[in-house]
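Participant: Sending over a structure as structure tokens; questions will come in a sec.
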Amino acid sequence: MTIDLLKIIIPSLLVFLAGYLAVERLLREESNRRRAELNANSRKITTPIRLQAYERIVLFLERISPESILVRVNQPNISSQKFQSILLSTIRSEWEHNLSQQIYLSAKAWGLVKNAKDNVVKLINSSADKVDTKAPAMVLSKEILDGLVDLESHPTSRAIKHLKKEVNEMF
């Protein structure tokens, strides 16, 4: 009687186990397929946003580069002290406007962007320290450009170069 019962139960358990394993594998494969599909759809959405973030940050770096910002905010009838204040305020405003883009950039890229901004600010401040506060804005502009020539590398070029490299690696 017990042997007859085992003859029925053991094959039933084996059939049940085989069915369970087959269904479990099917569900796991379906889950993986859905996850891959979600990732692909997510990339379709995030890739253009990330690309736009890189574009905006490159534009930010170009806008705060000394030769660009000096021409754009040039006001010849003000003092160098006031001009320094306007330059720093413009950079701060541009920075705050683009701050959210850091979530789309790599940590290294964002660090280089932040460093570039800090180096431009440092260049402006160190140049302003060499100029009389009441001197015309043009004197400060000339001192900033002279300071730029003395630097080993352009304050924003390293960051722009790295951003371009990352974008090229994305595609």
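Labeling convention for the structure tokens: chains A, B, ... as they appear, residues from 1 per chain, ligands from 1 in order of appearance.
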At most 12 Å is the cut-off: for each residue in range 15-122 of chain A with any atom that close to an atom of range 144-168 of chain A, write down the nearest atom pair and the distance in Å rounded to one decimal, counting only C-alpha atoms, chain first then increasing number, as CSV.
Facilitator:
residue,atom,partner,partner_atom,distance
A:Thr47,CA,A:Val167,CA,10.3
A:Pro48,CA,A:Val167,CA,11.2
A:Arg50,CA,A:Val167,CA,9.1
A:Leu51,CA,A:Val167,CA,7.2
A:Gln52,CA,A:Val167,CA,10.5
A:Ala53,CA,A:Leu163,CA,10.3
A:Tyr54,CA,A:Leu163,CA,6.7
A:Glu55,CA,A:Leu163,CA,8.9
A:Arg56,CA,A:Leu163,CA,10.8
A:Ile57,CA,A:Ile160,CA,8.5
A:Val58,CA,A:Ile160,CA,6.0
A:Leu59,CA,A:Ile160,CA,9.3
A:Phe60,CA,A:Thr156,CA,9.7
A:Leu61,CA,A:Thr156,CA,6.0
A:Glu62,CA,A:Thr156,CA,7.5
A:Arg63,CA,A:Thr156,CA,9.9
A:Ile64,CA,A:Thr156,CA,8.2
A:Ser65,CA,A:Thr156,CA,6.3
A:Pro66,CA,A:Leu145,CA,7.2
A:Glu67,CA,A:Leu145,CA,7.1
A:Ser68,CA,A:Leu145,CA,10.8
A:Ile69,CA,A:Ile144,CA,10.9
A:Leu70,CA,A:Ile144,CA,8.8
A:Val71,CA,A:Leu145,CA,11.3
A:Ser80,CA,A:Ile144,CA,11.1
A:Phe83,CA,A:Ile144,CA,11.6
A:Gln84,CA,A:Ile144,CA,10.3
A:Leu87,CA,A:Ile144,CA,11.2
A:Tyr104,CA,A:Val167,CA,11.4
A:Leu105,CA,A:Leu163,CA,8.6
A:Ser106,CA,A:Glu166,CA,8.5
A:Ala107,CA,A:Leu163,CA,11.4
A:Lys108,CA,A:His162,CA,8.8
A:Ala109,CA,A:Leu163,CA,6.3
A:Trp110,CA,A:Ala159,CA,8.5
A:Gly111,CA,A:Ala159,CA,8.7
A:Leu112,CA,A:Ala159,CA,5.1
A:Val113,CA,A:Ala159,CA,5.5
A:Lys114,CA,A:Ala159,CA,8.9
A:Asn115,CA,A:Pro155,CA,8.3
A:Ala116,CA,A:Thr156,CA,5.0
A:Lys117,CA,A:Thr156,CA,7.4
A:Asp118,CA,A:Pro155,CA,8.7
A:Asn119,CA,A:Pro155,CA,5.8
A:Val120,CA,A:Pro155,CA,6.0
A:Val121,CA,A:Pro155,CA,9.7
A:Lys122,CA,A:Pro155,CA,9.8
Participant: Using DSSP on the backbone coordinates, identify all residues within range 98-143 of chain A classified as alpha helix (DSSP H); present the result as a PDB file with C-alpha atoms, in the first residue's frame.
Facilitator:
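Here's the written file result28.pdb:
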ATOM      1  CA  ASN A  98      22.623  75.598 -15.602  1.00  0.00           C
ATOM      2  CA  ALA A 107      30.921  63.337 -11.943  1.00  0.00           C
ATOM      3  CA  LYS A 108      34.267  63.992 -13.647  1.00  0.00           C
ATOM      4  CA  ALA A 109      32.690  66.221 -16.292  1.00  0.00           C
ATOM      5  CA  TRP A 110      30.766  68.212 -13.693  1.00  0.00           C
ATOM      6  CA  GLY A 111      33.924  68.608 -11.605  1.00  0.00           C
ATOM      7  CA  LEU A 112      35.794  69.981 -14.621  1.00  0.00           C
ATOM      8  CA  VAL A 113      32.934  72.403 -15.378  1.00  0.00           C
ATOM      9  CA  LYS A 114      32.886  73.627 -11.772  1.00  0.00           C
ATOM     10  CA  ASN A 115      36.665  73.966 -11.799  1.00  0.00           C
ATOM     11  CA  ALA A 116      36.536  75.949 -15.065  1.00  0.00           C
ATOM     12  CA  LYS A 117      33.969  78.337 -13.607  1.00  0.00           C
ATOM     13  CA  ASP A 118      36.045  78.766 -10.443  1.00  0.00           C
ATOM     14  CA  ASN A 119      39.179  79.442 -12.520  1.00  0.00           C
ATOM     15  CA  VAL A 120      37.416  82.153 -14.542  1.00  0.00           C
ATOM     16  CA  VAL A 121      36.197  83.764 -11.309  1.00  0.00           C
ATOM     17  CA  LYS A 122      39.713  83.512  -9.862  1.00  0.00           C
ATOM     18  CA  LEU A 123      41.167  85.137 -13.005  1.00  0.00           C
ATOM     19  CA  ILE A 124      38.689  88.009 -12.789  1.00  0.00           C
ATOM     20  CA  ASN A 125      39.323  88.555  -9.077  1.00  0.00           C
ATOM     21  CA  SER A 126      43.114  88.346  -9.324  1.00  0.00           C
ATOM     22  CA  SER A 127      43.066  90.756 -12.274  1.00  0.00           C
ATOM     23  CA  ALA A 128      40.811  93.136 -10.363  1.00  0.00           C
ATOM     24  CA  ASP A 129      43.281  93.097  -7.460  1.00  0.00           C
ATOM     25  CA  ALA A 137      36.358  98.942 -17.077  1.00  0.00           C
ATOM     26  CA  MET A 138      38.603  98.722 -20.149  1.00  0.00           C
ATOM     27  CA  VAL A 139      41.687  98.599 -17.892  1.00  0.00           C
ATOM     28  CA  LEU A 140      40.250  95.581 -16.063  1.00  0.00           C
ATOM     29  CA  SER A 141      39.357  93.936 -19.380  1.00  0.00           C
ATOM     30  CA  LYS A 142      42.925  94.356 -20.593  1.00  0.00           C
ATOM     31  CA  GLU A 143      44.308  92.962 -17.335  1.00  0.00           C
TER      32      GLU A 143
END
Participant: Let me make sure I understand: among A:Asn32, A:Thr133, A:Ser12, A:Ser100, which one has the smallest atom-to-atom distance to Lys82 in chain A if we use only C-alpha atoms?
Facilitator: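 Using only C-alpha atoms, Lys82 in chain A sits closest to A:Thr133.
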Participant: I'd like the interatomic distance between CA of Ile49 in chain A and CA of Ile103 in chain A, to a tenth of an Å.
Facilitator: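 Spanning CA of Ile49 in chain A to CA of Ile103 in chain A is a straight-line distance of 10.6 Å.
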Participant: Closest to Pro136 in chain A among A:Glu96, A:Pro11, A:Leu38, A:Ile78, using only C-alpha atoms?
Facilitator: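 With only C-alpha atoms as the atom set, the closest residue is A:Ile78.
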Participant: Record the distance separating CA of Gln81 in chain A and CA of Glu94 in chain A, expressed in Å with one decimal.
Facilitator: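 CA of Gln81 in chain A sits 20.1 Å away from CA of Glu94 in chain A.
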Participant: To one decimal place in Å, what is the distance between CA of Gln75 in chain A and CA of Ile91 in chain A?
Facilitator: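 These atoms are spaced 15.9 Å apart.
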